[in-house]
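**Student:** See target-v1.txt below, with compact mmCIF, C-alpha atoms (C1' of nucleotides).
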# COMPACT_ATOMS: atom_id res chain seq x y z
CA MET A 214 28.79 14.80 13.70
CA SER A 215 28.48 11.87 16.03
CA LYS A 216 26.17 8.92 15.74
CA LEU A 217 24.04 8.11 18.72
CA SER A 218 25.55 5.48 20.98
CA LEU A 219 24.24 2.01 21.51
CA ALA A 220 23.55 2.93 25.13
CA PHE A 221 21.12 5.60 23.94
CA TYR A 222 18.89 3.08 22.20
CA GLN A 223 19.08 0.61 25.02
CA GLN A 224 17.51 2.84 27.64
CA GLU A 225 14.72 1.11 29.51
CA ASP A 226 12.10 3.76 28.91
CA VAL A 227 10.92 3.76 25.30
CA VAL A 228 8.84 6.89 25.87
CA SER A 229 11.94 8.73 26.95
CA VAL A 230 13.82 7.53 23.88
CA ALA A 231 10.97 8.69 21.65
CA LYS A 232 11.15 12.17 23.13
CA GLN A 233 14.92 12.36 22.92
CA LEU A 234 14.89 11.34 19.27
CA LEU A 235 13.08 14.56 18.40
CA GLY A 236 15.62 16.99 16.99
CA LYS A 237 18.11 14.29 16.04
CA LYS A 238 19.20 13.75 12.45
CA LEU A 239 18.23 10.66 10.51
CA PHE A 240 20.17 9.67 7.40
CA THR A 241 20.05 6.92 4.81
CA ASN A 242 22.60 6.01 2.19
CA ILE A 243 20.88 4.16 -0.65
CA ASN A 244 23.10 3.18 -3.54
CA GLY A 245 25.45 5.97 -2.62
CA ILE A 246 22.75 8.61 -2.41
CA VAL A 247 22.59 10.21 1.02
CA THR A 248 19.31 11.70 2.19
CA GLY A 249 18.22 12.75 5.63
CA GLY A 250 16.75 15.31 7.94
CA ILE A 251 15.75 16.27 11.44
CA ILE A 252 13.26 14.08 13.26
CA THR A 253 10.17 16.09 14.11
CA GLU A 254 7.64 13.47 15.09
CA THR A 255 7.83 10.08 16.79
CA GLU A 256 5.60 7.51 18.39
CA ALA A 257 6.44 5.05 21.16
CA TYR A 258 5.43 1.39 21.08
CA ASP A 259 5.85 -0.17 24.46
CA GLY A 260 6.34 -3.80 23.68
CA ALA A 261 4.43 -6.58 25.37
CA ILE A 262 2.08 -4.39 27.39
CA ASP A 263 1.00 -2.17 24.51
CA LYS A 264 -1.98 -3.35 22.48
CA ALA A 265 -1.00 -1.15 19.58
CA CYS A 266 2.37 -2.84 19.36
CA HIS A 267 2.78 -5.76 16.97
CA ALA A 268 4.52 -7.67 19.71
CA TYR A 269 1.75 -7.14 22.25
CA GLY A 270 1.61 -9.93 24.81
CA GLY A 271 5.09 -11.06 23.87
CA LYS A 272 3.91 -12.25 20.48
CA TYR A 273 6.97 -13.52 18.67
CA THR A 274 6.62 -14.06 14.95
CA ASN A 275 8.69 -13.78 11.85
CA ARG A 276 7.82 -10.14 11.49
CA THR A 277 8.05 -9.02 15.10
CA ALA A 278 11.33 -10.85 15.70
CA THR A 279 13.17 -7.67 14.81
CA MET A 280 11.59 -5.80 17.70
CA PHE A 281 12.97 -8.32 20.15
CA LEU A 282 16.49 -7.51 19.11
CA LYS A 283 18.60 -5.23 21.22
CA GLY A 284 18.09 -1.48 20.83
CA GLY A 285 19.88 0.21 17.98
CA VAL A 286 18.51 -1.53 14.89
CA THR A 287 15.78 -0.60 12.42
CA TYR A 288 12.40 -2.26 12.13
CA VAL A 289 10.81 -1.66 8.75
CA TYR A 290 7.30 -2.89 8.20
CA LEU A 291 5.09 -2.79 5.13
CA CYS A 292 1.61 -1.48 5.88
CA TYR A 293 -1.47 -1.53 3.69
CA GLY A 294 0.62 -3.28 1.11
CA ILE A 295 1.97 0.07 0.00
CA HIS A 296 3.74 1.97 2.70
CA HIS A 297 6.92 1.25 4.57
CA LEU A 298 7.04 2.37 8.18
CA LEU A 299 10.38 3.04 9.80
CA ASN A 300 10.88 2.18 13.44
CA VAL A 301 13.88 2.29 15.71
CA VAL A 302 14.14 -0.64 18.09
CA SER A 303 14.95 0.34 21.65
CA GLY A 304 15.46 -1.37 24.97
CA LYS A 305 17.35 -4.55 25.63
CA GLU A 306 17.32 -7.79 23.72
CA GLY A 307 14.09 -9.66 24.40
CA ASN A 308 12.17 -6.48 25.15
CA PRO A 309 10.10 -5.60 22.05
CA GLN A 310 10.02 -1.82 22.29
CA ALA A 311 10.25 0.47 19.29
CA VAL A 312 9.87 4.08 18.26
CA LEU A 313 8.03 4.85 15.05
CA ILE A 314 9.53 7.75 13.13
CA ARG A 315 6.52 9.61 11.77
CA ALA A 316 8.03 12.72 10.24
CA ILE A 317 11.30 14.54 9.56
CA GLU A 318 12.32 17.94 8.31
CA PRO A 319 14.34 17.32 5.13
CA VAL A 320 17.90 18.65 5.13
CA VAL A 321 20.14 16.55 2.91
CA GLY A 322 19.48 15.18 -0.56
CA LEU A 323 16.39 17.21 -1.31
CA GLU A 324 16.56 16.53 -5.03
CA ALA A 325 16.74 12.79 -4.53
CA MET A 326 13.74 12.96 -2.24
CA LEU A 327 11.74 14.98 -4.74
CA GLN A 328 12.59 12.48 -7.41
CA ARG A 329 11.57 9.52 -5.29
CA ARG A 330 8.31 11.19 -4.36
CA LYS A 331 7.75 12.32 -7.96
CA MET A 332 7.31 15.89 -6.85
CA ASP A 333 8.80 18.92 -8.54
CA LYS A 334 8.99 21.25 -5.62
CA LEU A 335 9.54 21.13 -1.94
CA ALA A 336 6.47 20.87 0.25
CA PRO A 337 6.15 19.96 3.91
CA ARG A 338 4.20 16.86 3.06
CA ILE A 339 7.21 15.35 1.34
CA THR A 340 8.33 13.79 4.61
CA ALA A 341 5.32 14.37 6.90
CA GLY A 342 3.90 10.95 7.63
CA PRO A 343 5.62 7.62 8.10
CA GLY A 344 4.90 6.26 4.64
CA ALA A 345 5.94 9.47 2.91
CA LEU A 346 9.08 9.75 4.96
CA SER A 347 10.17 6.24 4.09
CA GLN A 348 9.58 6.82 0.41
CA ALA A 349 11.55 10.05 0.44
CA LEU A 350 14.50 8.38 2.14
CA GLY A 351 14.33 5.31 -0.08
CA ILE A 352 13.52 3.01 2.80
CA ASP A 353 12.05 -0.39 2.07
CA LYS A 354 12.20 -3.87 3.54
CA GLN A 355 15.81 -4.16 2.52
CA LEU A 356 16.55 -1.88 5.43
CA ASN A 357 14.81 -4.01 8.02
CA ALA A 358 16.90 -5.07 11.01
CA LYS A 359 19.85 -2.89 10.00
CA ASP A 360 22.27 -1.76 12.64
CA LEU A 361 22.02 1.99 13.22
CA SER A 362 25.76 2.29 13.55
CA ALA A 363 26.24 0.99 9.99
CA ASN A 364 26.57 3.05 6.83
CA GLU A 365 23.18 2.47 5.22
CA ILE A 366 21.04 4.13 7.84
CA TRP A 367 21.99 5.96 10.98
CA ILE A 368 21.04 8.73 13.41
CA GLU A 369 23.32 11.55 14.48
CA ASP A 370 23.18 13.61 17.62
CA PHE A 371 22.00 17.13 16.97
CA GLU A 372 19.49 18.83 19.24
CA SER A 373 17.44 18.02 22.28
CA TYR A 374 14.15 19.55 23.24
CA ASN A 375 12.67 20.32 26.62
CA ASP A 376 9.33 18.99 27.64
CA ASP A 377 7.72 22.35 27.01
CA GLN A 378 8.82 22.24 23.38
CA ILE A 379 7.41 18.77 22.91
CA VAL A 380 3.76 18.08 22.44
CA ALA A 381 2.50 14.72 23.67
CA THR A 382 -0.74 13.43 22.26
CA THR A 383 -2.56 10.28 21.28
CA ARG A 384 -1.31 8.02 18.54
CA ILE A 385 -2.72 7.90 15.04
CA GLY A 386 -4.20 5.00 13.17
CA VAL A 387 -4.28 2.64 16.09
CA ALA A 388 -7.96 2.81 17.00
CA TYR A 389 -8.06 -0.96 17.11
CA ALA A 390 -5.89 -0.85 20.20
CA GLU A 391 -8.92 0.15 22.26
CA GLU A 392 -8.05 1.90 25.50
CA HIS A 393 -4.38 1.91 24.61
CA ALA A 394 -5.18 4.07 21.60
CA LEU A 395 -5.63 6.86 24.12
CA TRP A 396 -2.13 6.65 25.52
CA PRO A 397 -0.22 9.89 24.88
CA PHE A 398 2.68 8.16 23.14
CA ARG A 399 2.94 10.40 20.10
CA PHE A 400 5.39 13.27 20.27
CA TYR A 401 6.17 16.16 17.99
CA VAL A 402 8.03 19.43 18.05
CA LYS A 403 5.78 22.34 18.86
CA GLY A 404 5.28 24.68 15.93
CA ASN A 405 7.16 22.57 13.38
CA LYS A 406 5.66 22.43 9.90
CA PHE A 407 6.96 18.99 9.07
CA VAL A 408 4.47 17.11 11.16
CA SER A 409 1.76 14.79 9.93
CA LYS A 410 -1.79 15.86 10.59
CA PRO A 411 -4.48 13.59 11.87
CA SER A 412 -6.56 12.68 8.84
CA SER A 413 -9.71 14.69 9.28
C1' DT B 607 -3.35 -23.06 2.68
C1' DT B 608 -7.01 -19.49 2.96
C1' DC B 609 -9.04 -15.42 4.48
C1' DC B 610 -9.20 -11.02 6.71
C1' DC B 611 -7.28 -6.83 8.00
C1' DG B 612 -3.91 -3.12 8.85
C1' DA B 613 1.29 1.76 12.96
C1' DT B 614 -1.46 5.10 5.47
C1' DT B 615 -1.70 8.03 1.51
C1' DT B 616 -3.84 9.96 -2.28
C1' DA B 617 -7.27 11.01 -5.44
C1' DC B 618 -11.76 12.31 -6.26
C1' DT B 619 -17.01 13.53 -5.24
C1' DG C 314 -14.77 14.73 3.50
C1' DT C 315 -14.83 10.07 1.77
C1' DA C 316 -13.29 6.01 -0.51
C1' DA C 317 -10.13 3.15 -2.89
C1' DA C 318 -5.62 1.04 -3.55
C1' DT C 319 -2.96 -3.24 -2.41
C1' DC C 320 -0.03 -7.18 -0.34
C1' DG C 321 2.29 -9.39 3.53
C1' DG C 322 1.47 -11.16 8.09
C1' DG C 323 -1.21 -13.58 11.51
C1' DA C 324 -4.78 -16.62 12.85
C1' DA C 325 -7.83 -20.15 11.81
C1' DA C 326 -8.93 -24.52 9.53
What is this file in structure tokens?
**Tutor:**
Amino acid sequence: MSKLSLAFYQQEDVVSVAKQLLGKKLFTNINGIVTGGIITETEAYDGAIDKACHAYGGKYTNRTATMFLKGGVTYVYLCYGIHHLLNVVSGKEGNPQAVLIRAIEPVVGLEAMLQRRKMDKLAPRITAGPGALSQALGIDKQLNAKDLSANEIWIEDFESYNDDQIVATTRIGVAYAEEHALWPFRFYVKGNKFVSKPSS
DNA sequence: TTCCCGATTTACT
DNA sequence: GTAAATCGGGAAA
């Protein structure tokens, strides 16, 4: 098992990184408990030119500072006061690009995930959706701005998918971004069950 | 310092 | 299908 290299995260094209992250394995180690799974759904946030991105227009604040870091660190953000969203910062330092991890297929530490989610049996929804995923992996703000080559959270190389196995569609929950809400920056693995559905 | 709103999920009508 | 929960960040005053 090899962790993804720093060079991987620092590619210029965040959309490309988002696609390549599909099929890779994401792990966390919280208080010695390792949980993780295969990434099945991602979303790209293209920094300063993307209205849906927190750092749109080069906005630099306490919260968005993490996105300006060099690629290869986490960006964890609390949304709706309840849910933690896990992002992977990409690109070079000063370029606020990030990939939101929206869903994974659980592989390691299933019992711990069930416990954290207060569920008694495995269901796809346990990690389908950014908030659910973070809860299952025990991710909270403590894991913000962590280096992805460290031992608390990391991503390992595993599989890559071709374009014909990847579905590109519009992002979810970013209607406020106006025309940018229509950008096909959301990617998921075709036919995979562990993918969040648009709330309908 | 105050007010408004969100990269969502879940429970209930 | 619809609404409520809930709190930190960002912008305005």
**Student:** Show me, as CSV, the residues of chain A having an atom within 12 Å of chain C, each with the closest atom pair and its distance in Å, using all atoms listed in the file.
**Tutor:**
residue,atom,partner,partner_atom,distance
A:His267,CA,C:DG323,C1',10.3
A:Ala268,CA,C:DG323,C1',11.6
A:Lys272,CA,C:DG323,C1',10.4
A:Tyr273,CA,C:DG323,C1',10.9
A:Thr274,CA,C:DG323,C1',8.6
A:Asn275,CA,C:DG322,C1',8.6
A:Arg276,CA,C:DG322,C1',7.3
A:Thr277,CA,C:DG322,C1',9.8
A:Tyr290,CA,C:DG321,C1',9.4
A:Leu291,CA,C:DG321,C1',7.3
A:Cys292,CA,C:DG321,C1',8.3
A:Tyr293,CA,C:DT319,C1',6.5
A:Gly294,CA,C:DC320,C1',4.2
A:Ile295,CA,C:DT319,C1',6.4
A:His296,CA,C:DT319,C1',9.9
A:His297,CA,C:DG321,C1',11.7
A:Lys354,CA,C:DG321,C1',11.3
A:Ser412,CA,C:DG314,C1',10.0
A:Ser413,CA,C:DG314,C1',7.7
**Student:** Contacts between chain B and chain A, please, where a residue of chain A counts if it comes within 8 Å (with all atoms listed in the file); show its shortest atom pair and distance in Å to one decimal, rows by chain and ascending number, as a Markdown table.
**Tutor:**
| residue | atom | partner | partner_atom | distance |
| --- | --- | --- | --- | --- |
| A:Ala265 | CA | B:DA613 | C1' | 7.6 |
| A:Cys266 | CA | B:DA613 | C1' | 8.0 |
| A:Cys292 | CA | B:DG612 | C1' | 6.5 |
| A:Tyr293 | CA | B:DG612 | C1' | 5.9 |
| A:His296 | CA | B:DT614 | C1' | 6.7 |
| A:Leu298 | CA | B:DA613 | C1' | 7.5 |
| A:Leu313 | CA | B:DA613 | C1' | 7.7 |
| A:Pro343 | CA | B:DT614 | C1' | 8.0 |
| A:Gly344 | CA | B:DT614 | C1' | 6.5 |
| A:Ala345 | CA | B:DT615 | C1' | 7.9 |
| A:Ile385 | CA | B:DA613 | C1' | 7.6 |
| A:Gly386 | CA | B:DA613 | C1' | 6.4 |
| A:Val387 | CA | B:DA613 | C1' | 6.4 |
**Student:** Okay, now the selection with C-alpha atoms, as a PDB file, keeping the file's coordinate frame?
**Tutor:**
ATOM      1  CA  ALA A 265      -1.000  -1.150  19.580  1.00  0.00           C
ATOM      2  CA  CYS A 266       2.370  -2.840  19.360  1.00  0.00           C
ATOM      3  CA  CYS A 292       1.610  -1.480   5.880  1.00  0.00           C
ATOM      4  CA  TYR A 293      -1.470  -1.530   3.690  1.00  0.00           C
ATOM      5  CA  HIS A 296       3.740   1.970   2.700  1.00  0.00           C
ATOM      6  CA  LEU A 298       7.040   2.370   8.180  1.00  0.00           C
ATOM      7  CA  LEU A 313       8.030   4.850  15.050  1.00  0.00           C
ATOM      8  CA  PRO A 343       5.620   7.620   8.100  1.00  0.00           C
ATOM      9  CA  GLY A 344       4.900   6.260   4.640  1.00  0.00           C
ATOM     10  CA  ALA A 345       5.940   9.470   2.910  1.00  0.00           C
ATOM     11  CA  ILE A 385      -2.720   7.900  15.040  1.00  0.00           C
ATOM     12  CA  GLY A 386      -4.200   5.000  13.170  1.00  0.00           C
ATOM     13  CA  VAL A 387      -4.280   2.640  16.090  1.00  0.00           C
TER      14      VAL A 387
END
**Student:** State, in Å with one decimal place, the distance from atom CA of A:Val402 to atom CA of A:Asn300.
**Tutor:** 18.1 Å
**Student:** Enter the distance from atom CA of A:Ala341 to atom CA of A:Gln378, in Å, rounded to one decimal.
**Tutor:**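 Distance reported for this atom pair: 18.6 Å.
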**Student:** Which value, in Å to one decimal, gives the distance between atom CA of A:Asn244 and atom CA of A:Thr340?
**Tutor:**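 Going from atom CA of A:Asn244 over to atom CA of A:Thr340 covers 19.9 Å.
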**Student:** Within 8 Å of (16.7, 14.4, 15.1) (file coordinates; all atoms listed in the file), which protein or nucleic acid residues are there? I'd like them as an NGL selection string.
**Tutor:** :A and (234-239 or 250-253 or 317 or 368-372)
**Student:** With C-alpha atoms retained, export the selected residues as a PDB file, in the frame of the given file.
**Tutor:**
ATOM      1  CA  LEU A 234      14.890  11.340  19.270  1.00  0.00           C
ATOM      2  CA  LEU A 235      13.080  14.560  18.400  1.00  0.00           C
ATOM      3  CA  GLY A 236      15.620  16.990  16.990  1.00  0.00           C
ATOM      4  CA  LYS A 237      18.110  14.290  16.040  1.00  0.00           C
ATOM      5  CA  LYS A 238      19.200  13.750  12.450  1.00  0.00           C
ATOM      6  CA  LEU A 239      18.230  10.660  10.510  1.00  0.00           C
ATOM      7  CA  GLY A 250      16.750  15.310   7.940  1.00  0.00           C
ATOM      8  CA  ILE A 251      15.750  16.270  11.440  1.00  0.00           C
ATOM      9  CA  ILE A 252      13.260  14.080  13.260  1.00  0.00           C
ATOM     10  CA  THR A 253      10.170  16.090  14.110  1.00  0.00           C
ATOM     11  CA  ILE A 317      11.300  14.540   9.560  1.00  0.00           C
ATOM     12  CA  ILE A 368      21.040   8.730  13.410  1.00  0.00           C
ATOM     13  CA  GLU A 369      23.320  11.550  14.480  1.00  0.00           C
ATOM     14  CA  ASP A 370      23.180  13.610  17.620  1.00  0.00           C
ATOM     15  CA  PHE A 371      22.000  17.130  16.970  1.00  0.00           C
ATOM     16  CA  GLU A 372      19.490  18.830  19.240  1.00  0.00           C
TER      17      GLU A 372
END
**Student:** Considering all atoms listed in the file, can you say which of A:Asn242, A:Thr248, A:Gln310, A:Ser362 comes closest to A:Gly285?
**Tutor:** A:Ser362
**Student:** Skip A:Lys232 itself and residues of its chain fewer than 2 positions away, then list as a ChimeraX atom specification all residues within 10 Å of it, counting all atoms listed in the file.
**Tutor:** /A:227-230,234-236,253-257,312,373-376,379-381,398-402
